[in-house]
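This is protein-v4.txt. It holds compact mmCIF, C-alpha atoms.
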```txt
# COMPACT_ATOMS: atom_id res chain seq x y z
CA MET D 1 123.30 10.52 87.45
CA ASN D 2 123.49 6.71 87.14
CA THR D 3 125.48 5.12 84.35
CA ILE D 4 123.42 3.03 81.92
CA THR D 5 123.47 -0.40 83.53
CA LYS D 6 123.37 -2.36 80.25
CA ASN D 7 127.11 -1.74 79.97
CA TYR D 8 127.70 -3.72 83.17
CA ILE D 9 127.25 -7.29 84.31
CA GLY D 10 124.28 -7.64 86.62
CA THR D 11 124.63 -8.00 90.37
CA GLU D 12 123.45 -11.60 89.97
CA ASN D 13 126.86 -12.32 88.45
CA TYR D 14 129.13 -11.22 91.26
CA GLN D 15 129.35 -10.64 94.98
CA ILE D 16 131.56 -8.10 96.72
CA PHE D 17 133.42 -8.90 99.95
CA ASN D 18 135.14 -6.34 102.13
CA ILE D 19 137.70 -7.97 104.40
CA ASP D 20 140.12 -5.94 106.51
CA ASN D 21 139.26 -2.85 104.45
CA ARG D 22 140.17 -4.58 101.20
CA ASP D 23 137.63 -5.29 98.47
CA TYR D 24 137.33 -8.64 96.73
CA VAL D 25 134.94 -9.82 94.04
CA PHE D 26 133.57 -13.31 93.60
CA LEU D 27 132.65 -13.78 89.94
CA THR D 28 129.64 -16.06 89.61
CA GLY D 29 130.05 -18.84 87.06
CA ILE D 30 133.78 -18.17 86.78
CA HIS D 31 134.15 -18.99 90.48
CA ASP D 32 137.25 -16.88 90.81
CA VAL D 33 137.98 -14.51 93.67
CA MET D 34 140.21 -11.52 93.08
CA GLU D 35 141.15 -8.42 94.98
CA ILE D 36 140.05 -5.14 93.44
CA VAL D 37 142.94 -2.69 93.52
CA ASN D 38 142.25 -0.62 90.41
CA PRO D 39 140.12 2.48 91.25
CA GLU D 40 138.27 2.16 87.93
CA LEU D 41 137.19 -1.34 88.84
CA LYS D 42 135.97 -0.17 92.21
CA LYS D 43 133.68 2.13 90.27
CA TYR D 44 132.54 -0.73 88.08
CA PHE D 45 131.51 -2.91 91.02
CA SER D 46 129.85 -0.11 92.99
CA VAL D 47 126.30 -1.20 92.15
CA HIS D 48 126.49 0.78 88.91
CA THR D 49 126.14 4.19 90.54
CA ASN D 50 129.36 5.49 89.04
CA LYS D 51 130.73 7.60 86.22
CA MET D 52 132.94 5.03 84.59
CA LYS D 53 133.70 5.51 80.91
CA THR D 54 131.25 3.58 78.80
CA GLU D 55 133.84 1.99 76.53
CA VAL D 56 135.88 0.74 79.52
CA ALA D 57 132.78 -0.70 81.19
CA GLU D 58 131.72 -2.42 77.98
CA GLN D 59 135.16 -3.96 77.47
CA LEU D 60 135.30 -5.31 81.02
CA THR D 61 131.75 -6.63 80.80
CA GLN D 62 132.56 -8.44 77.57
CA THR D 63 135.67 -10.01 79.12
CA ILE D 64 133.84 -11.22 82.21
CA THR D 65 130.84 -12.46 80.23
CA THR D 66 133.06 -14.38 77.82
CA LEU D 67 134.96 -16.02 80.69
CA ARG D 68 131.72 -17.01 82.40
CA GLU D 69 130.22 -18.47 79.22
CA GLN D 70 133.38 -20.44 78.50
CA LYS D 71 133.28 -21.90 82.00
CA CYS D 72 129.53 -22.49 82.34
CA LYS D 73 128.41 -23.37 78.83
CA PRO D 74 129.81 -26.94 78.77
CA ALA D 75 128.22 -27.70 82.16
CA LEU D 76 124.87 -26.16 81.21
CA GLU D 77 124.73 -27.94 77.87
CA ARG D 78 125.78 -31.30 79.27
CA LYS D 79 122.76 -33.59 79.41
CA LEU D 80 121.68 -35.18 82.66
CA GLU D 81 123.28 -38.57 82.19
CA ALA D 82 121.85 -41.80 83.51
CA PRO D 83 123.38 -42.37 86.96
CA LYS D 84 126.15 -44.88 87.55
CA GLN D 85 125.35 -45.05 91.26
CA MET D 86 121.90 -45.07 92.81
CA MET D 87 120.46 -45.01 96.31
CA ILE D 88 117.27 -46.92 97.10
CA THR D 89 115.82 -45.71 100.39
CA LEU D 90 113.38 -48.01 102.17
CA ASN D 91 111.09 -46.12 104.52
CA THR D 92 111.03 -49.04 106.92
CA THR D 93 108.38 -47.42 109.11
CA HIS D 94 106.91 -44.02 109.85
CA GLY D 95 106.85 -44.90 113.53
CA CYS D 96 109.49 -43.74 115.99
CA ASN D 97 110.33 -44.20 119.67
CA MET D 98 111.14 -40.51 119.90
CA ALA D 99 109.06 -37.34 119.49
CA CYS D 100 111.40 -34.71 118.05
CA LYS D 101 109.67 -31.35 118.09
CA TYR D 102 110.50 -30.53 114.47
CA CYS D 103 110.07 -33.95 112.83
CA PHE D 104 107.31 -34.97 110.41
CA ALA D 105 107.58 -38.69 111.25
CA SER D 106 104.76 -40.48 113.02
CA THR D 107 104.28 -41.23 116.71
CA GLN D 108 104.80 -44.37 118.68
CA LYS D 109 101.25 -45.62 118.17
CA ASP D 110 102.03 -46.79 114.65
CA LYS D 111 105.49 -48.15 115.30
CA MET D 112 104.26 -51.68 114.48
CA SER D 113 103.50 -50.64 110.90
CA VAL D 114 106.45 -51.91 108.91
CA MET D 115 107.20 -52.28 105.22
CA PRO D 116 106.38 -55.83 104.10
CA LEU D 117 109.40 -57.75 102.84
CA SER D 118 107.54 -58.37 99.57
CA VAL D 119 107.32 -54.58 98.99
CA ALA D 120 111.05 -54.18 99.59
CA GLN D 121 111.82 -57.05 97.21
CA LYS D 122 109.60 -55.72 94.40
CA ALA D 123 110.96 -52.19 94.84
CA ILE D 124 114.61 -53.19 94.78
CA GLU D 125 114.27 -55.60 91.86
CA GLY D 126 112.04 -53.21 89.92
CA ILE D 127 114.43 -50.27 90.23
CA VAL D 128 117.43 -52.47 89.44
CA LYS D 129 115.76 -53.79 86.27
CA GLU D 130 114.83 -50.26 85.15
CA ASN D 131 118.40 -49.01 85.61
CA PRO D 132 120.78 -51.55 84.06
CA GLN D 133 123.47 -48.89 83.59
CA VAL D 134 123.93 -48.45 87.35
CA GLU D 135 127.13 -50.07 88.58
CA LYS D 136 126.60 -49.75 92.32
CA PHE D 137 123.46 -49.51 94.42
CA SER D 138 123.11 -48.35 97.99
CA ILE D 139 120.22 -49.62 100.12
CA TYR D 140 119.35 -47.05 102.81
CA PHE D 141 117.10 -48.00 105.73
CA PHE D 142 115.14 -44.94 106.82
CA GLY D 143 112.17 -44.00 109.00
CA GLY D 144 110.80 -43.07 111.52
CA GLU D 145 113.21 -45.27 113.40
CA PRO D 146 114.13 -48.33 111.31
CA LEU D 147 115.61 -50.18 114.31
CA LEU D 148 112.10 -50.65 115.65
CA HIS D 149 112.00 -53.44 113.07
CA LYS D 150 115.38 -55.19 113.18
CA PRO D 151 114.14 -58.49 111.65
CA PHE D 152 113.10 -56.60 108.51
CA ILE D 153 116.59 -55.15 108.11
CA LYS D 154 118.25 -58.53 108.63
CA ALA D 155 115.94 -60.10 106.05
CA VAL D 156 116.40 -57.41 103.39
CA VAL D 157 120.21 -57.62 103.32
CA PRO D 158 120.61 -61.18 101.98
CA MET D 159 117.59 -60.72 99.70
CA ALA D 160 119.10 -57.55 98.21
CA ARG D 161 122.47 -59.24 97.75
CA ASP D 162 120.79 -62.06 95.80
CA ILE D 163 119.03 -59.55 93.54
CA MET D 164 122.24 -57.65 92.88
CA LYS D 165 124.11 -60.84 92.13
CA LYS D 166 121.36 -61.88 89.70
CA TYR D 167 121.71 -58.62 87.75
CA ASN D 168 125.49 -58.31 88.18
CA HIS D 169 125.53 -55.21 90.41
CA THR D 170 127.31 -54.38 93.63
CA VAL D 171 125.51 -53.09 96.72
CA ASN D 172 126.26 -51.50 100.07
CA PHE D 173 123.99 -50.82 103.03
CA MET D 174 123.28 -47.69 105.02
CA LEU D 175 121.00 -46.97 107.95
CA ASN D 176 119.71 -43.82 109.63
CA THR D 177 119.03 -44.12 113.35
CA ASN D 178 118.56 -42.13 116.54
CA ALA D 179 121.02 -44.60 118.13
CA THR D 180 118.83 -45.32 121.18
CA LEU D 181 118.10 -48.94 120.19
CA LEU D 182 121.62 -50.17 119.51
CA ASP D 183 122.08 -52.24 122.68
CA ASP D 184 121.86 -55.45 120.65
CA PRO D 185 125.15 -57.36 120.20
CA ASP D 186 123.74 -59.57 117.42
CA LEU D 187 122.61 -56.53 115.45
CA LEU D 188 125.95 -54.77 115.91
CA LYS D 189 127.87 -57.85 114.78
CA PHE D 190 125.55 -58.13 111.78
CA MET D 191 126.11 -54.50 110.77
CA HIS D 192 129.87 -54.87 111.14
CA MET D 193 129.89 -58.08 109.07
CA GLU D 194 127.73 -56.52 106.33
CA ASP D 195 129.87 -53.34 106.31
CA PHE D 196 126.97 -50.99 107.11
CA VAL D 197 127.46 -47.24 107.24
CA VAL D 198 125.24 -45.84 109.98
CA THR D 199 124.10 -42.23 110.20
CA VAL D 200 123.36 -41.18 113.78
CA SER D 201 120.99 -38.27 114.32
CA ILE D 202 122.17 -35.97 117.10
CA ASP D 203 121.83 -32.20 117.30
CA GLY D 204 124.82 -31.23 119.45
CA PRO D 205 125.78 -31.15 123.13
CA LYS D 206 123.28 -32.28 125.75
CA THR D 207 121.48 -28.98 126.39
CA ILE D 208 120.98 -28.34 122.68
CA ASN D 209 120.15 -31.90 121.63
CA ASP D 210 117.63 -32.41 124.42
CA GLU D 211 115.80 -29.21 123.54
CA ASN D 212 114.23 -30.91 120.50
CA ARG D 213 115.24 -34.57 120.42
CA ILE D 214 113.14 -36.11 123.18
CA PHE D 215 111.36 -39.36 124.01
CA HIS D 216 107.58 -39.53 124.15
CA ASN D 217 107.74 -39.03 127.91
CA GLY D 218 109.52 -35.71 127.39
CA HIS D 219 112.91 -36.93 128.60
CA GLY D 220 116.06 -36.02 126.68
CA THR D 221 117.85 -38.53 124.46
CA PHE D 222 121.46 -37.33 124.57
CA ASP D 223 122.85 -39.88 127.02
CA ARG D 224 121.29 -42.79 125.12
CA ILE D 225 122.64 -41.47 121.81
CA ILE D 226 126.17 -41.16 123.18
CA LYS D 227 125.92 -44.71 124.52
CA GLY D 228 124.81 -45.89 121.08
CA MET D 229 127.72 -44.13 119.41
CA GLN D 230 130.14 -45.86 121.76
CA LEU D 231 128.60 -49.23 120.94
CA LEU D 232 129.16 -48.56 117.24
CA ARG D 233 132.79 -47.79 118.00
CA ASP D 234 133.16 -50.89 120.17
CA TYR D 235 131.84 -53.14 117.41
CA GLN D 236 133.74 -51.27 114.70
CA VAL D 237 130.63 -50.27 112.77
CA LYS D 238 131.26 -47.34 110.45
CA PHE D 239 129.17 -44.31 111.31
CA ASN D 240 128.74 -40.61 110.76
CA LEU D 241 126.66 -37.96 112.48
CA ARG D 242 123.87 -35.70 111.28
CA ALA D 243 122.46 -32.64 113.01
CA THR D 244 119.23 -30.80 112.37
CA PHE D 245 119.17 -27.11 113.24
CA SER D 246 115.87 -25.44 113.97
CA PRO D 247 115.07 -21.74 114.42
CA GLN D 248 115.53 -22.34 118.17
CA THR D 249 119.10 -23.63 117.82
CA ARG D 250 121.59 -21.26 119.44
CA ASN D 251 125.35 -21.12 120.03
CA LEU D 252 126.27 -22.78 116.74
CA VAL D 253 130.00 -22.43 117.38
CA GLU D 254 129.56 -24.56 120.50
CA VAL D 255 127.56 -27.05 118.44
CA PHE D 256 130.14 -27.30 115.65
CA ASP D 257 132.95 -27.63 118.16
CA PHE D 258 131.07 -30.47 119.86
CA PHE D 259 130.84 -32.33 116.57
CA GLU D 260 134.45 -31.72 115.64
CA GLN D 261 135.48 -33.11 119.04
CA GLN D 262 133.66 -36.39 118.26
CA LYS D 263 136.21 -37.05 115.48
CA ALA D 264 133.52 -38.53 113.25
CA THR D 265 132.39 -37.07 109.94
CA PHE D 266 129.18 -35.10 110.29
CA ALA D 267 126.69 -33.15 108.24
CA TYR D 268 123.88 -30.82 109.14
CA ALA D 269 120.62 -29.54 107.71
CA PHE D 270 118.10 -26.90 108.64
CA THR D 271 114.55 -27.89 109.47
CA VAL D 272 112.07 -28.36 106.65
CA PRO D 273 108.81 -26.44 107.27
CA SER D 274 105.95 -28.73 108.28
CA SER D 275 102.22 -28.10 108.36
CA THR D 276 101.94 -30.45 111.34
CA LYS D 277 104.38 -28.48 113.51
CA GLU D 278 104.33 -25.01 115.01
CA ALA D 279 105.88 -22.52 112.59
CA GLU D 280 108.52 -21.36 115.09
CA LYS D 281 109.81 -24.95 115.32
CA THR D 282 110.65 -25.28 111.64
CA GLN D 283 110.35 -22.01 109.69
CA PHE D 284 113.14 -19.44 109.63
CA THR D 285 112.04 -15.80 109.78
CA ASP D 286 113.97 -12.67 108.75
CA ASN D 287 114.95 -12.19 112.39
CA ASP D 288 116.26 -15.76 112.51
CA LEU D 289 118.35 -15.11 109.40
CA GLU D 290 119.80 -11.94 110.89
CA ARG D 291 120.87 -13.88 113.96
CA LEU D 292 122.24 -16.75 111.86
CA ASP D 293 124.32 -14.32 109.82
CA LYS D 294 126.13 -13.31 113.00
CA GLU D 295 126.50 -16.90 114.16
CA LEU D 296 127.89 -18.00 110.78
CA ALA D 297 130.47 -15.22 111.01
CA ARG D 298 131.68 -16.74 114.29
CA ILE D 299 131.75 -20.20 112.69
CA GLU D 300 133.78 -18.71 109.84
CA ASP D 301 136.42 -17.58 112.33
CA TYR D 302 136.28 -20.94 114.12
CA TYR D 303 137.09 -22.86 110.94
CA LEU D 304 139.71 -20.36 109.83
CA ASP D 305 141.54 -21.06 113.07
CA LYS D 306 141.32 -24.82 112.43
CA LEU D 307 142.65 -24.39 108.90
CA LEU D 308 145.56 -22.27 110.05
CA ARG D 309 146.35 -24.88 112.71
CA GLN D 310 146.13 -27.57 110.00
CA GLU D 311 143.63 -29.52 112.07
CA THR D 312 141.37 -32.18 110.58
CA ILE D 313 137.91 -30.89 109.71
CA TYR D 314 135.16 -33.48 110.04
CA GLN D 315 132.25 -31.45 108.67
CA THR D 316 131.35 -32.89 105.26
CA ASP D 317 129.35 -29.81 104.21
CA PHE D 318 132.46 -27.71 104.74
CA ARG D 319 134.62 -30.15 102.79
CA LEU D 320 132.23 -30.14 99.83
CA LYS D 321 131.85 -26.36 99.67
CA TRP D 322 135.59 -25.89 100.07
CA ALA D 323 136.25 -28.32 97.20
CA TYR D 324 133.76 -26.46 95.00
CA LEU D 325 135.64 -23.20 95.53
CA GLN D 326 139.09 -24.74 95.33
CA ASN D 327 138.32 -26.56 92.07
CA GLN D 328 136.02 -23.82 90.68
CA HIS D 329 133.31 -26.44 90.27
CA ILE D 330 130.19 -25.40 88.35
CA ASN D 331 127.10 -26.96 89.92
CA VAL D 332 124.08 -27.16 87.61
CA SER D 333 121.80 -29.42 89.66
CA GLY D 334 121.11 -29.35 93.37
CA CYS D 335 120.51 -33.01 94.23
CA GLU D 336 119.81 -36.48 92.87
CA ALA D 337 116.13 -36.68 93.84
CA GLY D 338 114.16 -38.83 91.40
CA HIS D 339 117.28 -39.47 89.34
CA GLY D 340 120.04 -41.06 91.37
CA GLU D 341 117.88 -41.75 94.41
CA PHE D 342 114.36 -42.87 95.26
CA ILE D 343 112.50 -43.58 98.47
CA ILE D 344 109.83 -46.24 98.76
CA ASP D 345 107.12 -45.97 101.41
CA GLU D 346 105.58 -48.91 103.29
CA LYS D 347 102.84 -49.31 100.64
CA GLY D 348 105.28 -49.49 97.74
CA ASN D 349 104.92 -45.94 96.41
CA TYR D 350 107.99 -44.21 94.97
CA TYR D 351 108.96 -40.66 95.90
CA PRO D 352 111.93 -38.62 94.63
CA CYS D 353 113.11 -37.75 98.18
CA GLN D 354 112.32 -38.68 101.78
CA ASN D 355 111.41 -35.08 102.55
CA LEU D 356 108.57 -35.33 100.03
CA LEU D 357 106.87 -38.25 101.82
CA PRO D 358 104.24 -35.97 103.43
CA PHE D 359 103.15 -34.81 99.96
CA VAL D 360 101.30 -37.69 98.28
CA GLU D 361 100.91 -35.67 95.08
CA THR D 362 104.68 -35.96 94.52
CA ARG D 363 104.59 -39.75 94.16
CA CYS D 364 106.53 -40.81 91.08
CA GLY D 365 105.44 -44.40 90.60
CA ASN D 366 104.98 -47.61 92.54
CA ILE D 367 106.19 -51.20 92.67
CA GLU D 368 103.45 -52.36 90.26
CA ASP D 369 103.66 -49.69 87.56
CA GLY D 370 107.33 -48.73 87.84
CA ILE D 371 108.91 -45.27 87.77
CA ASP D 372 107.01 -42.34 86.27
CA LYS D 373 109.84 -40.31 84.74
CA ASP D 374 107.65 -37.28 84.06
CA LYS D 375 106.75 -37.08 87.74
CA CYS D 376 110.41 -37.56 88.66
CA HIS D 377 111.28 -34.55 86.56
CA GLU D 378 108.39 -32.49 87.90
CA PHE D 379 109.14 -33.05 91.57
CA GLY D 380 112.78 -34.18 91.58
CA VAL D 381 116.08 -32.91 90.28
CA GLN D 382 115.97 -30.25 87.59
CA ARG D 383 118.72 -28.59 85.67
CA LEU D 384 119.63 -25.08 86.76
CA SER D 385 118.76 -23.74 83.31
CA GLU D 386 115.13 -24.86 83.86
CA LEU D 387 114.72 -22.90 87.09
CA ASP D 388 113.61 -19.37 86.22
CA ASN D 389 113.62 -18.19 89.84
CA CYS D 390 117.31 -19.04 90.15
CA GLN D 391 118.62 -16.98 87.26
CA ASN D 392 118.94 -13.75 89.27
CA CYS D 393 120.83 -15.33 92.18
CA TRP D 394 124.57 -14.78 92.56
CA CYS D 395 125.20 -18.24 94.05
CA ARG D 396 123.16 -20.25 91.55
CA PHE D 397 126.22 -22.09 90.19
CA LEU D 398 127.21 -23.04 93.74
CA CYS D 399 123.94 -24.54 95.03
CA GLY D 400 122.82 -25.69 91.57
CA GLY D 401 119.22 -24.77 92.29
CA GLY D 402 119.11 -26.24 95.76
CA CYS D 403 116.81 -28.81 97.32
CA ALA D 404 113.92 -30.19 95.26
CA THR D 405 111.68 -30.38 98.34
CA GLU D 406 112.30 -26.76 99.25
CA ARG D 407 111.55 -25.67 95.69
CA TYR D 408 108.27 -27.59 95.82
CA MET D 409 107.30 -26.08 99.17
CA ASN D 410 108.04 -22.57 97.87
CA ARG D 411 106.26 -23.06 94.54
CA GLY D 412 104.41 -19.95 93.42
CA LEU D 413 106.55 -17.70 95.60
CA LYS D 414 107.60 -14.72 93.50
CA SER D 415 110.19 -13.29 95.89
CA ILE D 416 113.30 -15.09 97.09
CA SER D 417 112.47 -17.56 99.84
CA ASN D 418 114.08 -17.50 103.26
CA ARG D 419 115.51 -20.94 102.47
CA CYS D 420 117.39 -19.42 99.54
CA LYS D 421 118.49 -16.51 101.71
CA LEU D 422 119.84 -19.04 104.19
CA THR D 423 121.78 -20.78 101.41
CA GLN D 424 123.21 -17.44 100.32
CA LEU D 425 124.34 -16.74 103.88
CA GLU D 426 126.12 -20.08 104.10
CA TRP D 427 127.94 -19.47 100.83
CA LYS D 428 128.73 -15.86 101.72
CA HIS D 429 130.58 -16.92 104.84
CA MET D 430 132.29 -19.85 103.13
CA ILE D 431 133.64 -17.55 100.40
CA SER D 432 134.70 -15.01 103.00
CA LEU D 433 136.61 -17.75 104.81
CA PHE D 434 138.12 -18.87 101.51
CA ILE D 435 139.33 -15.34 100.83
CA LYS D 436 140.83 -14.96 104.28
CA TYR D 437 142.72 -18.21 103.96
CA HIS D 438 143.69 -18.29 100.29
CA PHE D 439 143.32 -15.07 98.38
CA ALA D 440 143.94 -12.02 100.54
CA GLY D 441 146.79 -10.15 98.90
CA GLU D 442 147.48 -12.90 96.34
CA LYS D 443 145.22 -12.25 93.33
CA ASN D 444 144.63 -8.79 91.97
CA ILE D 445 142.63 -7.31 89.11
CA GLU D 446 144.91 -4.70 87.63
```

With the file now loaded, output its structure as structure tokens.
Amino acid sequence: MNTITKNYIGTENYQIFNIDNRDYVFLTGIHDVMEIVNPELKKYFSVHTNKMKTEVAEQLTQTITTLREQKCKPALERKLEAPKQMMITLNTTHGCNMACKYCFASTQKDKMSVMPLSVAQKAIEGIVKENPQVEKFSIYFFGGEPLLHKPFIKAVVPMARDIMKKYNHTVNFMLNTNATLLDDPDLLKFMHMEDFVVTVSIDGPKTINDENRIFHNGHGTFDRIIKGMQLLRDYQVKFNLRATFSPQTRNLVEVFDFFEQQKATFAYAFTVPSSTKEAEKTQFTDNDLERLDKELARIEDYYLDKLLRQETIYQTDFRLKWAYLQNQHINVSGCEAGHGEFIIDEKGNYYPCQNLLPFVETRCGNIEDGIDKDKCHEFGVQRLSELDNCQNCWCRFLCGGGCATERYMNRGLKSISNRCKLTQLEWKHMISLFIKYHFAGEKNIE
């Protein structure tokens, strides 16, 4: 006979880990990990199919609930403050000299379509004027491939500096590129002089990268990307790497090791589903998740070995998640879309995030009318407390509600999406690694 579950915290408020035949509990919202050594507590956390004394269960539930409320309440009640830093992304062009199999960007035929300088000027000045509290702006050149239009980039930089000087703000410049058009000494000197930070898109070693990241003639891009990375090093241009993993990506340990060997900070993301691409290129199925679970377990062991060897870890996603666990950080919003960042398309329309560009209904203003804050809230960042579908998830205070684009694409879905399942898998293996390194045998619930 099952014990009445109202005496217990719900399974959305904890996650059990069994490591080397020892049980640990991660307490959601408290963000503490402790080993369970008391037999009574093993009953408590056994999915409520136990015969634990009601008064003991109630006392423990009250203790855990009080701790969680004390930790989470200030974060949940804190208002979304006006940002002190803001990123303005200029979608320089939709065109690209590559034809990545999972990408929603346009093809080479419209590579000559570029954002007019007047649009960039109105967008930057308009957003700066609407956000006087911002202390530092970042201008991010995005595409497509922005280096198809180098004169535009060189013209925007001094113009943006003049605007920032006029309104007493500081600014830095960033650029996303496939790194195949960097054989331009003048451009490299310019980016070094202007202290650009360049993000290079590359998906891993040659066989993996060239599976998806190809030119229009079908040839792989790896060799050209590596050459571009070396040019950035030669001209001392700051850069980082970014990988995109699709359902076809295999051997993730090999991929992560490749990136770590580059000794440059890197991040990764999983493909965003696209109506213009074949489903198997972008959408993760249950079978894909089952395979990824096994691959993430191998990655967990890979990074444990690096930690024990005290080696530098270059993966920024790892660093961020590790810091969240180490500092017991409570995350109540998933991103800065439509709040601390905006993207402007070639016609001067504002969007909360570059991943929302294919969805014209998510536009949140334009250079003539300014920012529509209601649309920003509808399609951009939202507080965790506003997201009903997140309240029954054990890692809600870790992801903060996740990606605004993914929420929009899964709107109306009553069951948990595979994107959320993927996030849960990532956090499950990160916490497992955290336990193996930090907590095994150290913290006990008596």

**OP:** For CA of Leu252 (chain D) and CA of His216 (chain D), determine how far apart the two atoms are, in Å to one decimal place.
**Re:** 26.2 Å

Neighbouring residues of Lys154 (chain D) were defined as those with any atom within 10 Å, considering all atoms listed in the file; residues of the same chain fewer than 3 positions away were excluded. Please report them as a PDB file with C-alpha atoms, keeping the file's coordinate frame.
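Listing of around-v9.pdb after writing:
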```
ATOM      1  CA  HIS D 149     112.000 -53.440 113.070  1.00  0.00           C
ATOM      2  CA  LYS D 150     115.380 -55.190 113.180  1.00  0.00           C
ATOM      3  CA  PRO D 151     114.140 -58.490 111.650  1.00  0.00           C
ATOM      4  CA  VAL D 157     120.210 -57.620 103.320  1.00  0.00           C
ATOM      5  CA  PRO D 158     120.610 -61.180 101.980  1.00  0.00           C
ATOM      6  CA  MET D 159     117.590 -60.720  99.700  1.00  0.00           C
ATOM      7  CA  LEU D 187     122.610 -56.530 115.450  1.00  0.00           C
ATOM      8  CA  PHE D 190     125.550 -58.130 111.780  1.00  0.00           C
ATOM      9  CA  MET D 191     126.110 -54.500 110.770  1.00  0.00           C
ATOM     10  CA  GLU D 194     127.730 -56.520 106.330  1.00  0.00           C
TER      11      GLU D 194
END
```

Original post:
What is the distance, in Å and to one decimal place, between CA of Met409 (chain D) and CA of Phe379 (chain D)?
Top reply: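 Going from CA of Met409 (chain D) over to CA of Phe379 (chain D), I get 10.5 Å.
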
**OP:** Rank D:Val272, D:Ile343, D:Ile153, D:Leu292 by their smallest atom-to-atom distance to Met86 (chain D), using all atoms listed in the file, and report the top residue only.
**Re:**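 Among D:Val272, D:Ile343, D:Ile153, D:Leu292, it is D:Ile343 that comes nearest to Met86 (chain D).
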
**OP:** Mind giving me the straight-line distance from CA of Cys96 (chain D) to CA of Leu148 (chain D) in Å, one decimal?
**Re:** 7.4 Å

Spatial neighbours of Asn349 (chain D), max dist 12 Å, only C-alpha atoms, sep filter under 3 positions, as a compact mmCIF listing (two decimals) with C-alpha atoms, in the coordinates of the input:
```
# COMPACT_ATOMS: atom_id res chain seq x y z
CA THR D 89 115.82 -45.71 100.39
CA LEU D 90 113.38 -48.01 102.17
CA ASN D 91 111.09 -46.12 104.52
CA MET D 115 107.20 -52.28 105.22
CA VAL D 119 107.32 -54.58 98.99
CA ALA D 120 111.05 -54.18 99.59
CA LYS D 122 109.60 -55.72 94.40
CA ALA D 123 110.96 -52.19 94.84
CA PHE D 342 114.36 -42.87 95.26
CA ILE D 343 112.50 -43.58 98.47
CA ILE D 344 109.83 -46.24 98.76
CA ASP D 345 107.12 -45.97 101.41
CA GLU D 346 105.58 -48.91 103.29
CA PRO D 352 111.93 -38.62 94.63
CA CYS D 353 113.11 -37.75 98.18
CA GLN D 354 112.32 -38.68 101.78
CA LEU D 356 108.57 -35.33 100.03
CA LEU D 357 106.87 -38.25 101.82
CA PHE D 359 103.15 -34.81 99.96
CA VAL D 360 101.30 -37.69 98.28
CA GLU D 361 100.91 -35.67 95.08
CA THR D 362 104.68 -35.96 94.52
CA ARG D 363 104.59 -39.75 94.16
CA CYS D 364 106.53 -40.81 91.08
CA GLY D 365 105.44 -44.40 90.60
CA ASN D 366 104.98 -47.61 92.54
CA ILE D 367 106.19 -51.20 92.67
CA GLU D 368 103.45 -52.36 90.26
CA ASP D 369 103.66 -49.69 87.56
CA GLY D 370 107.33 -48.73 87.84
CA ILE D 371 108.91 -45.27 87.77
CA ASP D 372 107.01 -42.34 86.27
```

**OP:** Please provide as a PyMOL selection string all residues within 8 Å of Thr285 (chain D), with the sequence filter that same-chain residues fewer than 3 positions apart are discarded (counting only C-alpha atoms).
**Re:** chain D and resi 288-289+418

Subject >> Nearest residue to Ser333 (chain D) from the set D:Thr249, D:Ser113, D:Ser385, D:Gln310 (distances using only C-alpha atoms) >> reply: D:Ser385

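When all atoms listed in the file are used to measure the gap to Thr65 (chain D), the shortest distance among D:Ala179, D:Leu433, D:Ile416, D:Ile9 belongs to D:Ile9.
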
Subject >> Who sits within 10 Å of Lys227 (chain D), only C-alpha atoms, same chain under 5 positions skipped, as a ChimeraX atom specification >> reply: /D:179-183,222,232-233

**OP:** May I ask which of the residues D:Cys390, D:Ala279, D:Ala404, D:Leu308 is the closest one to Pro247 (chain D), counting all atoms listed in the file?
**Re:** D:Ala279

**OP:** May I ask which of the residues D:Trp427, D:Leu147, D:Gln382, D:Trp394 is the closest one to Trp322 (chain D), counting all atoms listed in the file?
**Re:**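 Of D:Trp427, D:Leu147, D:Gln382, D:Trp394, the one nearest Trp322 (chain D) is D:Trp427, counting all atoms listed in the file.
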
Subject >> Spatial neighbours of Leu422 (chain D), max dist 12 Å, only C-alpha atoms, sep filter under 4 positions, as a PyMOL selection string >> reply: chain D and resi 247+269-271+283-293+296+395+399+402+406+416-418+426-429

Subject >> Residue list as a list in words for point (142.9, -7.3, 103.4), cut-off 9 Å, all atoms listed in the file >> reply: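 Using all atoms listed in the file, the matching residues come out as Asn18, Ile19, Asp20, Asn21, Arg22, Asp23, Tyr24, Glu35, Lys436, Ala440 and Gly441 of chain D.
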